[in-house]
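Novice: This is work15.cif, which holds mmCIF, C-alpha atoms:
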data_target
#
loop_
_atom_site.group_PDB
_atom_site.id
_atom_site.type_symbol
_atom_site.label_atom_id
_atom_site.label_comp_id
_atom_site.auth_asym_id
_atom_site.auth_seq_id
_atom_site.Cartn_x
_atom_site.Cartn_y
_atom_site.Cartn_z
ATOM 1 C CA MET L 1 52.615 95.992 239.602
ATOM 2 C CA ILE L 2 53.900 98.417 237.062
ATOM 3 C CA GLU L 3 53.409 98.606 233.285
ATOM 4 C CA VAL L 4 56.750 98.937 231.461
ATOM 5 C CA LEU L 5 56.795 100.110 227.836
ATOM 6 C CA TYR L 6 59.657 99.973 225.346
ATOM 7 C CA PHE L 7 60.136 101.862 222.103
ATOM 8 C CA SER L 8 62.473 101.840 219.102
ATOM 9 C CA TRP L 9 65.576 99.649 219.481
ATOM 10 C CA LEU L 10 64.846 98.954 223.147
ATOM 11 C CA ARG L 11 61.626 97.264 222.032
ATOM 12 C CA GLU L 12 63.562 95.259 219.431
ATOM 13 C CA ARG L 13 66.277 94.136 221.859
ATOM 14 C CA ILE L 14 63.802 93.140 224.557
ATOM 15 C CA GLY L 15 61.409 91.538 222.081
ATOM 16 C CA THR L 16 58.183 93.092 223.372
ATOM 17 C CA ASN L 17 56.627 96.534 223.491
ATOM 18 C CA ARG L 18 55.224 96.189 227.022
ATOM 19 C CA GLU L 19 55.334 93.964 230.075
ATOM 20 C CA GLN L 20 53.891 93.981 233.577
ATOM 21 C CA ILE L 21 56.533 93.870 236.272
ATOM 22 C CA HIS L 22 56.183 93.098 239.971
ATOM 23 C CA THR L 23 58.763 95.274 241.599
ATOM 24 C CA SER L 24 59.652 96.923 244.863
ATOM 25 C CA ALA L 25 62.185 99.221 243.173
ATOM 26 C CA ALA L 26 62.185 102.657 244.803
ATOM 27 C CA THR L 27 63.572 104.600 241.850
ATOM 28 C CA VAL L 28 63.919 104.358 238.073
ATOM 29 C CA GLY L 29 67.599 103.465 238.570
ATOM 30 C CA ASP L 30 66.668 100.537 240.838
ATOM 31 C CA LEU L 31 64.109 99.322 238.298
ATOM 32 C CA ILE L 32 66.712 99.466 235.505
ATOM 33 C CA LYS L 33 69.020 97.229 237.577
ATOM 34 C CA GLU L 34 66.215 94.701 238.076
ATOM 35 C CA LEU L 35 65.187 94.723 234.409
ATOM 36 C CA ALA L 36 68.783 94.456 233.146
ATOM 37 C CA ALA L 37 69.213 91.273 235.219
ATOM 38 C CA MET L 38 66.180 89.533 233.657
ATOM 39 C CA ASP L 39 67.787 88.089 230.518
ATOM 40 C CA GLU L 40 70.225 88.770 227.685
ATOM 41 C CA GLY L 41 67.825 90.964 225.696
ATOM 42 C CA HIS L 42 67.085 93.186 228.679
ATOM 43 C CA ALA L 43 70.794 93.346 229.555
ATOM 44 C CA LEU L 44 71.623 94.476 226.014
ATOM 45 C CA ALA L 45 68.811 97.051 225.971
ATOM 46 C CA PHE L 46 69.970 98.631 229.236
ATOM 47 C CA ALA L 47 73.727 98.313 228.619
ATOM 48 C CA ASP L 48 74.277 101.941 227.592
ATOM 49 C CA ARG L 49 72.371 104.240 229.909
ATOM 50 C CA THR L 50 73.654 107.430 228.277
ATOM 51 C CA SER L 51 71.421 106.647 225.291
ATOM 52 C CA LEU L 52 68.427 105.857 227.477
ATOM 53 C CA ARG L 53 65.491 108.118 228.312
ATOM 54 C CA VAL L 54 62.607 107.431 230.681
ATOM 55 C CA ALA L 55 59.054 108.714 231.062
ATOM 56 C CA LEU L 56 56.905 108.174 234.165
ATOM 57 C CA ASP L 57 53.177 108.266 233.438
ATOM 58 C CA GLN L 58 54.023 109.937 230.117
ATOM 59 C CA GLU L 59 56.256 112.703 231.542
ATOM 60 C CA LEU L 60 60.043 112.729 231.023
ATOM 61 C CA ALA L 61 61.921 111.952 234.226
ATOM 62 C CA ASP L 62 65.411 111.287 235.630
ATOM 63 C CA PHE L 63 66.827 107.932 236.698
ATOM 64 C CA SER L 64 66.753 109.145 240.301
ATOM 65 C CA ALA L 65 62.980 109.766 240.179
ATOM 66 C CA PRO L 66 60.883 107.778 242.687
ATOM 67 C CA LEU L 67 58.437 105.154 241.411
ATOM 68 C CA ALA L 68 55.879 105.512 244.209
ATOM 69 C CA GLY L 69 52.412 105.896 242.689
ATOM 70 C CA VAL L 70 53.669 105.493 239.116
ATOM 71 C CA ARG L 71 51.574 103.225 236.884
ATOM 72 C CA GLU L 72 53.408 103.410 233.566
ATOM 73 C CA VAL L 73 57.161 103.553 232.942
ATOM 74 C CA ALA L 74 58.466 103.924 229.381
ATOM 75 C CA PHE L 75 62.067 103.429 228.242
ATOM 76 C CA PHE L 76 63.321 104.675 224.885
ATOM 77 C CA PRO L 77 66.354 106.156 223.108
ATOM 78 C CA PRO L 78 66.686 109.930 222.526
ATOM 79 C CA MET L 79 63.742 111.123 220.444
ATOM 80 C CA THR L 80 64.017 111.921 216.746
ATOM 81 C CA GLY L 81 60.884 113.825 215.813
ATOM 82 C CA GLY L 82 60.345 116.773 213.505
ATOM 83 C CA MET B 83 43.127 128.297 220.192
ATOM 84 C CA MET B 84 45.336 125.625 218.745
ATOM 85 C CA ARG B 85 45.126 122.383 216.826
ATOM 86 C CA LEU B 86 47.265 119.307 217.119
ATOM 87 C CA SER B 87 47.054 116.150 215.038
ATOM 88 C CA VAL B 88 49.213 113.028 215.307
ATOM 89 C CA GLN B 89 48.157 110.923 212.349
ATOM 90 C CA GLU B 90 49.154 108.112 210.020
ATOM 91 C CA ASN B 91 47.496 109.603 206.941
ATOM 92 C CA ALA B 92 49.049 112.134 204.579
ATOM 93 C CA PHE B 93 47.924 115.760 204.911
ATOM 94 C CA ASP B 94 47.414 118.465 202.309
ATOM 95 C CA PHE B 95 49.902 121.196 203.217
ATOM 96 C CA GLY B 96 48.241 123.852 201.049
ATOM 97 C CA ALA B 97 44.747 123.158 202.333
ATOM 98 C CA GLU B 98 45.955 123.104 205.947
ATOM 99 C CA ALA B 99 47.868 126.387 205.510
ATOM 100 C CA ASN B 100 44.865 128.096 203.904
ATOM 101 C CA ALA B 101 42.434 126.853 206.556
ATOM 102 C CA PHE B 102 44.856 127.972 209.277
ATOM 103 C CA ALA B 103 45.196 131.462 207.735
ATOM 104 C CA ALA B 104 41.423 131.770 207.346
ATOM 105 C CA GLY B 105 40.896 130.946 211.030
ATOM 106 C CA ALA B 106 43.641 133.168 212.455
ATOM 107 C CA ALA B 107 41.543 136.264 213.156
ATOM 108 C CA GLY B 108 43.545 139.412 213.839
ATOM 109 C CA ALA B 109 46.908 137.942 212.783
ATOM 110 C CA GLY B 110 49.394 140.101 210.891
ATOM 111 C CA ALA B 111 51.855 137.243 210.310
ATOM 112 C CA ILE B 112 51.618 133.542 209.611
ATOM 113 C CA VAL B 113 54.675 131.303 209.417
ATOM 114 C CA THR B 114 54.461 127.723 208.147
ATOM 115 C CA PHE B 115 57.114 125.016 208.068
ATOM 116 C CA THR B 116 56.893 121.532 206.654
ATOM 117 C CA GLY B 117 59.496 118.758 206.893
ATOM 118 C CA LEU B 118 59.908 116.224 204.075
ATOM 119 C CA VAL B 119 61.532 112.802 203.855
ATOM 120 C CA ARG B 120 65.013 113.220 202.278
ATOM 121 C CA ASP B 121 66.071 110.465 199.889
ATOM 122 C CA ASP B 122 69.799 111.211 200.393
ATOM 123 C CA GLY B 123 70.616 110.376 196.770
ATOM 124 C CA GLY B 124 68.668 107.120 196.750
ATOM 125 C CA ALA B 125 70.118 105.816 200.046
ATOM 126 C CA VAL B 126 66.767 106.273 201.788
ATOM 127 C CA GLN B 127 63.707 104.547 200.326
ATOM 128 C CA GLY B 128 61.426 105.671 203.091
ATOM 129 C CA LEU B 129 60.905 106.169 206.800
ATOM 130 C CA MET B 130 59.075 104.212 209.459
ATOM 131 C CA ILE B 131 58.086 106.496 212.322
ATOM 132 C CA GLU B 132 57.162 105.068 215.708
ATOM 133 C CA HIS B 133 55.620 107.114 218.511
ATOM 134 C CA TYR B 134 54.232 106.838 222.044
ATOM 135 C CA PRO B 135 50.453 107.345 221.749
ATOM 136 C CA GLY B 136 49.197 109.484 224.597
ATOM 137 C CA MET B 137 52.557 110.938 225.584
ATOM 138 C CA THR B 138 53.066 112.321 222.072
ATOM 139 C CA GLU B 139 49.888 114.407 222.252
ATOM 140 C CA ARG B 140 50.611 115.536 225.822
ATOM 141 C CA ALA B 141 54.193 116.559 225.014
ATOM 142 C CA ILE B 142 53.225 118.510 221.887
ATOM 143 C CA ALA B 143 50.286 120.224 223.619
ATOM 144 C CA ALA B 144 52.648 121.342 226.399
ATOM 145 C CA MET B 145 55.119 122.773 223.834
ATOM 146 C CA MET B 146 52.307 124.605 222.070
ATOM 147 C CA THR B 147 50.997 126.069 225.327
ATOM 148 C CA GLU B 148 54.516 127.275 226.139
ATOM 149 C CA ALA B 149 54.870 128.800 222.634
ATOM 150 C CA PHE B 150 51.584 130.690 223.118
ATOM 151 C CA ARG B 151 52.808 132.064 226.416
ATOM 152 C CA ARG B 152 56.280 133.093 225.247
ATOM 153 C CA PHE B 153 55.419 134.571 221.874
ATOM 154 C CA GLY B 154 51.876 135.841 222.368
ATOM 155 C CA LEU B 155 50.545 133.646 219.579
ATOM 156 C CA LEU B 156 47.034 134.028 218.249
ATOM 157 C CA ASP B 157 46.924 130.481 216.884
ATOM 158 C CA ALA B 158 49.143 127.458 216.262
ATOM 159 C CA LEU B 159 48.928 124.165 214.389
ATOM 160 C CA VAL B 160 51.094 121.050 214.593
ATOM 161 C CA ILE B 161 50.542 117.999 212.393
ATOM 162 C CA HIS B 162 52.980 115.079 212.759
ATOM 163 C CA ARG B 163 52.724 111.763 210.957
ATOM 164 C CA PHE B 164 53.748 108.281 212.049
ATOM 165 C CA GLY B 165 53.939 104.944 210.202
ATOM 166 C CA ARG B 166 55.446 104.352 206.766
ATOM 167 C CA LEU B 167 56.443 107.359 204.626
ATOM 168 C CA GLY B 168 58.040 107.497 201.187
ATOM 169 C CA PRO B 169 60.715 109.831 199.761
ATOM 170 C CA ALA B 170 59.560 113.479 199.543
ATOM 171 C CA ASP B 171 56.480 112.760 201.663
ATOM 172 C CA ALA B 172 55.607 115.477 204.168
ATOM 173 C CA ILE B 173 56.403 114.232 207.695
ATOM 174 C CA MET B 174 55.038 117.124 209.685
ATOM 175 C CA MET B 175 54.036 120.772 209.581
ATOM 176 C CA VAL B 176 53.938 123.675 211.991
ATOM 177 C CA ALA B 177 51.973 126.892 211.540
ATOM 178 C CA THR B 178 52.021 129.893 213.848
ATOM 179 C CA ALA B 179 49.981 133.091 213.785
ATOM 180 C CA ALA B 180 50.962 136.296 215.583
ATOM 181 C CA ALA B 181 50.473 140.029 215.282
ATOM 182 C CA HIS B 182 54.011 140.456 213.891
ATOM 183 C CA ARG B 183 56.428 138.216 212.015
ATOM 184 C CA ALA B 184 59.225 138.104 214.616
ATOM 185 C CA ASP B 185 57.010 136.249 217.076
ATOM 186 C CA ALA B 186 55.538 133.972 214.399
ATOM 187 C CA PHE B 187 59.035 132.959 213.158
ATOM 188 C CA ALA B 188 60.450 132.517 216.656
ATOM 189 C CA ALA B 189 57.479 130.415 217.774
ATOM 190 C CA ALA B 190 57.795 128.159 214.716
ATOM 191 C CA GLU B 191 61.516 127.623 215.449
ATOM 192 C CA PHE B 192 60.809 127.012 219.120
ATOM 193 C CA LEU B 193 58.195 124.382 218.244
ATOM 194 C CA MET B 194 60.514 122.729 215.701
ATOM 195 C CA ASP B 195 63.409 122.551 218.171
ATOM 196 C CA TYR B 196 61.177 120.952 220.796
ATOM 197 C CA LEU B 197 59.486 118.560 218.364
ATOM 198 C CA LYS B 198 62.938 117.278 217.323
ATOM 199 C CA SER B 199 64.018 116.081 220.731
ATOM 200 C CA ARG B 200 61.124 116.302 223.211
ATOM 201 C CA ALA B 201 58.230 114.711 221.317
ATOM 202 C CA PRO B 202 58.361 110.896 221.567
ATOM 203 C CA PHE B 203 58.897 109.963 217.915
ATOM 204 C CA TRP B 204 61.597 107.614 216.631
ATOM 205 C CA LYS B 205 62.549 107.493 212.965
ATOM 206 C CA GLN B 206 63.809 104.433 211.174
ATOM 207 C CA GLU B 207 65.350 104.835 207.712
ATOM 208 C CA ILE B 208 64.535 102.151 205.179
ATOM 209 C CA GLY B 209 67.398 101.694 202.677
ATOM 210 C CA PRO B 210 68.796 99.087 200.284
ATOM 211 C CA GLN B 211 70.586 97.399 203.230
ATOM 212 C CA GLY B 212 67.493 97.274 205.401
ATOM 213 C CA ALA B 213 66.192 99.404 208.251
ATOM 214 C CA LYS B 214 68.304 101.595 210.538
ATOM 215 C CA TRP B 215 67.249 103.702 213.540
ATOM 216 C CA VAL B 216 68.111 107.366 213.124
ATOM 217 C CA ALA B 217 70.394 108.554 215.935
ATOM 218 C CA ALA B 218 69.591 111.820 217.699
ATOM 219 C CA LYS B 219 72.035 114.615 216.869
ATOM 220 C CA VAL B 220 73.949 116.500 219.545
ATOM 221 C CA GLN B 221 72.947 119.743 217.746
ATOM 222 C CA ASP B 222 69.276 118.912 218.324
ATOM 223 C CA GLU B 223 69.858 118.834 222.061
ATOM 224 C CA THR B 224 72.031 121.995 222.095
ATOM 225 C CA ALA B 225 69.403 123.804 219.976
ATOM 226 C CA LEU B 226 67.096 123.754 223.019
ATOM 227 C CA LYS B 227 69.564 125.768 225.096
ATOM 228 C CA ARG B 228 68.837 128.967 223.155
ATOM 229 C CA TRP B 229 65.275 128.996 224.496
#
For this file, produce the structure as C-alpha cells.
Specialist:
Amino acid sequence: MIEVLYFSWLRERIGTNREQIHTSAATVGDLIKELAAMDEGHALAFADRTSLRVALDQELADFSAPLAGVREVAFFPPMTGG
Amino acid sequence: MMRLSVQENAFDFGAEANAFAAGAAGAGAIVTFTGLVRDDGGAVQGLMIEHYPGMTERAIAAMMTEAFRRFGLLDALVIHRFGRLGPADAIMMVATAAAHRADAFAAAEFLMDYLKSRAPFWKQEIGPQGAKWVAAKVQDETALKRW
C-alpha cells in the first residue's frame, strides 16, 4: 500500500489530492502506467509526462526510481515558486 | 543559524529585515530580496499558491544548507507564503548575511533560483476570466545550470 499525492492541475484532473493504492509496481514508471489506466481523469493527468515531476518520500526522483520501501509518492507539474 | 517560514499570513518586510540585521553578528553585508504579486495591467487580480507541506520545508532547508556551505554565510532567512494573495502583496523574501557583499548577493540569487523551480509551490493566477495555473519557464530551469 502506497500513499499517492497530487498537486496543482494533476489534483484537478484526477479529482482528489491523495489516494491509497495497492500496487506491485517496481518503479515510478510502472506506477504511472497503472495509474493512467484507472480512469479518464488519471489518463488525462498522466498524458504528458514531460510536464510531470515526482517526489518519493518528499525527495525529487526520476521515473526509473524503484518504489521498494517508499511510503509516499507525489506527482505534480514543474514547480513555480519564488 | 538560519530561519525558514512557510506561512499563509502576510509578513512585515521591514520588521523582518531589521530583525535579521540585528541578529547577524559579525556580518559586513546583508542582502534582502522580496517578490511581489504583479497585476500585469489589471489582468491579474491575485494569486492562489499551493504547496506540499513537509516537502516544502525540507527542500528549502536543503537549499539554505547548501547556500551556507557554498558562500560561507553567517545567517539566512527565507519566508514564503501560500494561499490567496492580492496584487502587490509580498509573496516571499530572502535575506542573506555574509562578511562581504559578493557572497551575500550570490547566495541570495542562488536561493532565488532554487526556490523558483525546486521548492514545491504552484502558482495559480486569478484573472477576469477565472483561474489559470502559471507554467514554469524554461529560463527558470536553465538558471540553475550556472550554479
Novice: Hey, list the chain L side of the contact with chain B: 9 Å cut-off, all atoms listed in the file, answer as a PyMOL selection string.
Specialist: chain L and resi 7-9+55+57-60+74+76-82
Novice: Would you export the selected residues with C-alpha atoms as a JSON list (two decimals), keeping the file's coordinate frame, please?
Specialist:
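File selection_32.json, as written:
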[["chain", "number", "residue", "atom", "x", "y", "z"],
["L", 7, "PHE", "CA", 60.14, 101.86, 222.10],
["L", 8, "SER", "CA", 62.47, 101.84, 219.10],
["L", 9, "TRP", "CA", 65.58, 99.65, 219.48],
["L", 55, "ALA", "CA", 59.05, 108.71, 231.06],
["L", 57, "ASP", "CA", 53.18, 108.27, 233.44],
["L", 58, "GLN", "CA", 54.02, 109.94, 230.12],
["L", 59, "GLU", "CA", 56.26, 112.70, 231.54],
["L", 60, "LEU", "CA", 60.04, 112.73, 231.02],
["L", 74, "ALA", "CA", 58.47, 103.92, 229.38],
["L", 76, "PHE", "CA", 63.32, 104.68, 224.88],
["L", 77, "PRO", "CA", 66.35, 106.16, 223.11],
["L", 78, "PRO", "CA", 66.69, 109.93, 222.53],
["L", 79, "MET", "CA", 63.74, 111.12, 220.44],
["L", 80, "THR", "CA", 64.02, 111.92, 216.75],
["L", 81, "GLY", "CA", 60.88, 113.82, 215.81],
["L", 82, "GLY", "CA", 60.34, 116.77, 213.50]]
Novice: Counting all atoms listed in the file, figure out which residue out of B:Thr147, B:Ile208, B:Ala106, B:Asn91 gets nearest to Gly128 (chain B).
Specialist: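 Of B:Thr147, B:Ile208, B:Ala106, B:Asn91, the one nearest Gly128 (chain B) is B:Ile208, counting all atoms listed in the file.
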Novice: If the PyMOL selection byres ((chain B and resi 113) around 7) were run on this exact file, what residues would it hold? Put them as a list in words.
Specialist: Ala111, Ile112, Thr114, Phe115, Ala177, Thr178, Ala179, Ala186, Phe187 and Ala190 of chain B
Novice: At what distance in Å, to one decimal, does CA of Met130 (chain B) lie from CA of Leu31 (chain L)?
Specialist: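 Separation between CA of Leu31 (chain L) and CA of Met130 (chain B): 29.7 Å.
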Novice: Please check which residues have atoms at most 6 Å from (63.1, 106.6, 246.4) in the file's coordinates, counting only C-alpha atoms, and write them as a PyMOL selection string.
Specialist: chain L and resi 26-27+66
Novice: Can I get the selection written as a compact mmCIF listing (two decimals), keeping the file's coordinate frame, with C-alpha atoms?
Specialist:
# COMPACT_ATOMS: atom_id res chain seq x y z
CA ALA L 26 62.18 102.66 244.80
CA THR L 27 63.57 104.60 241.85
CA PRO L 66 60.88 107.78 242.69
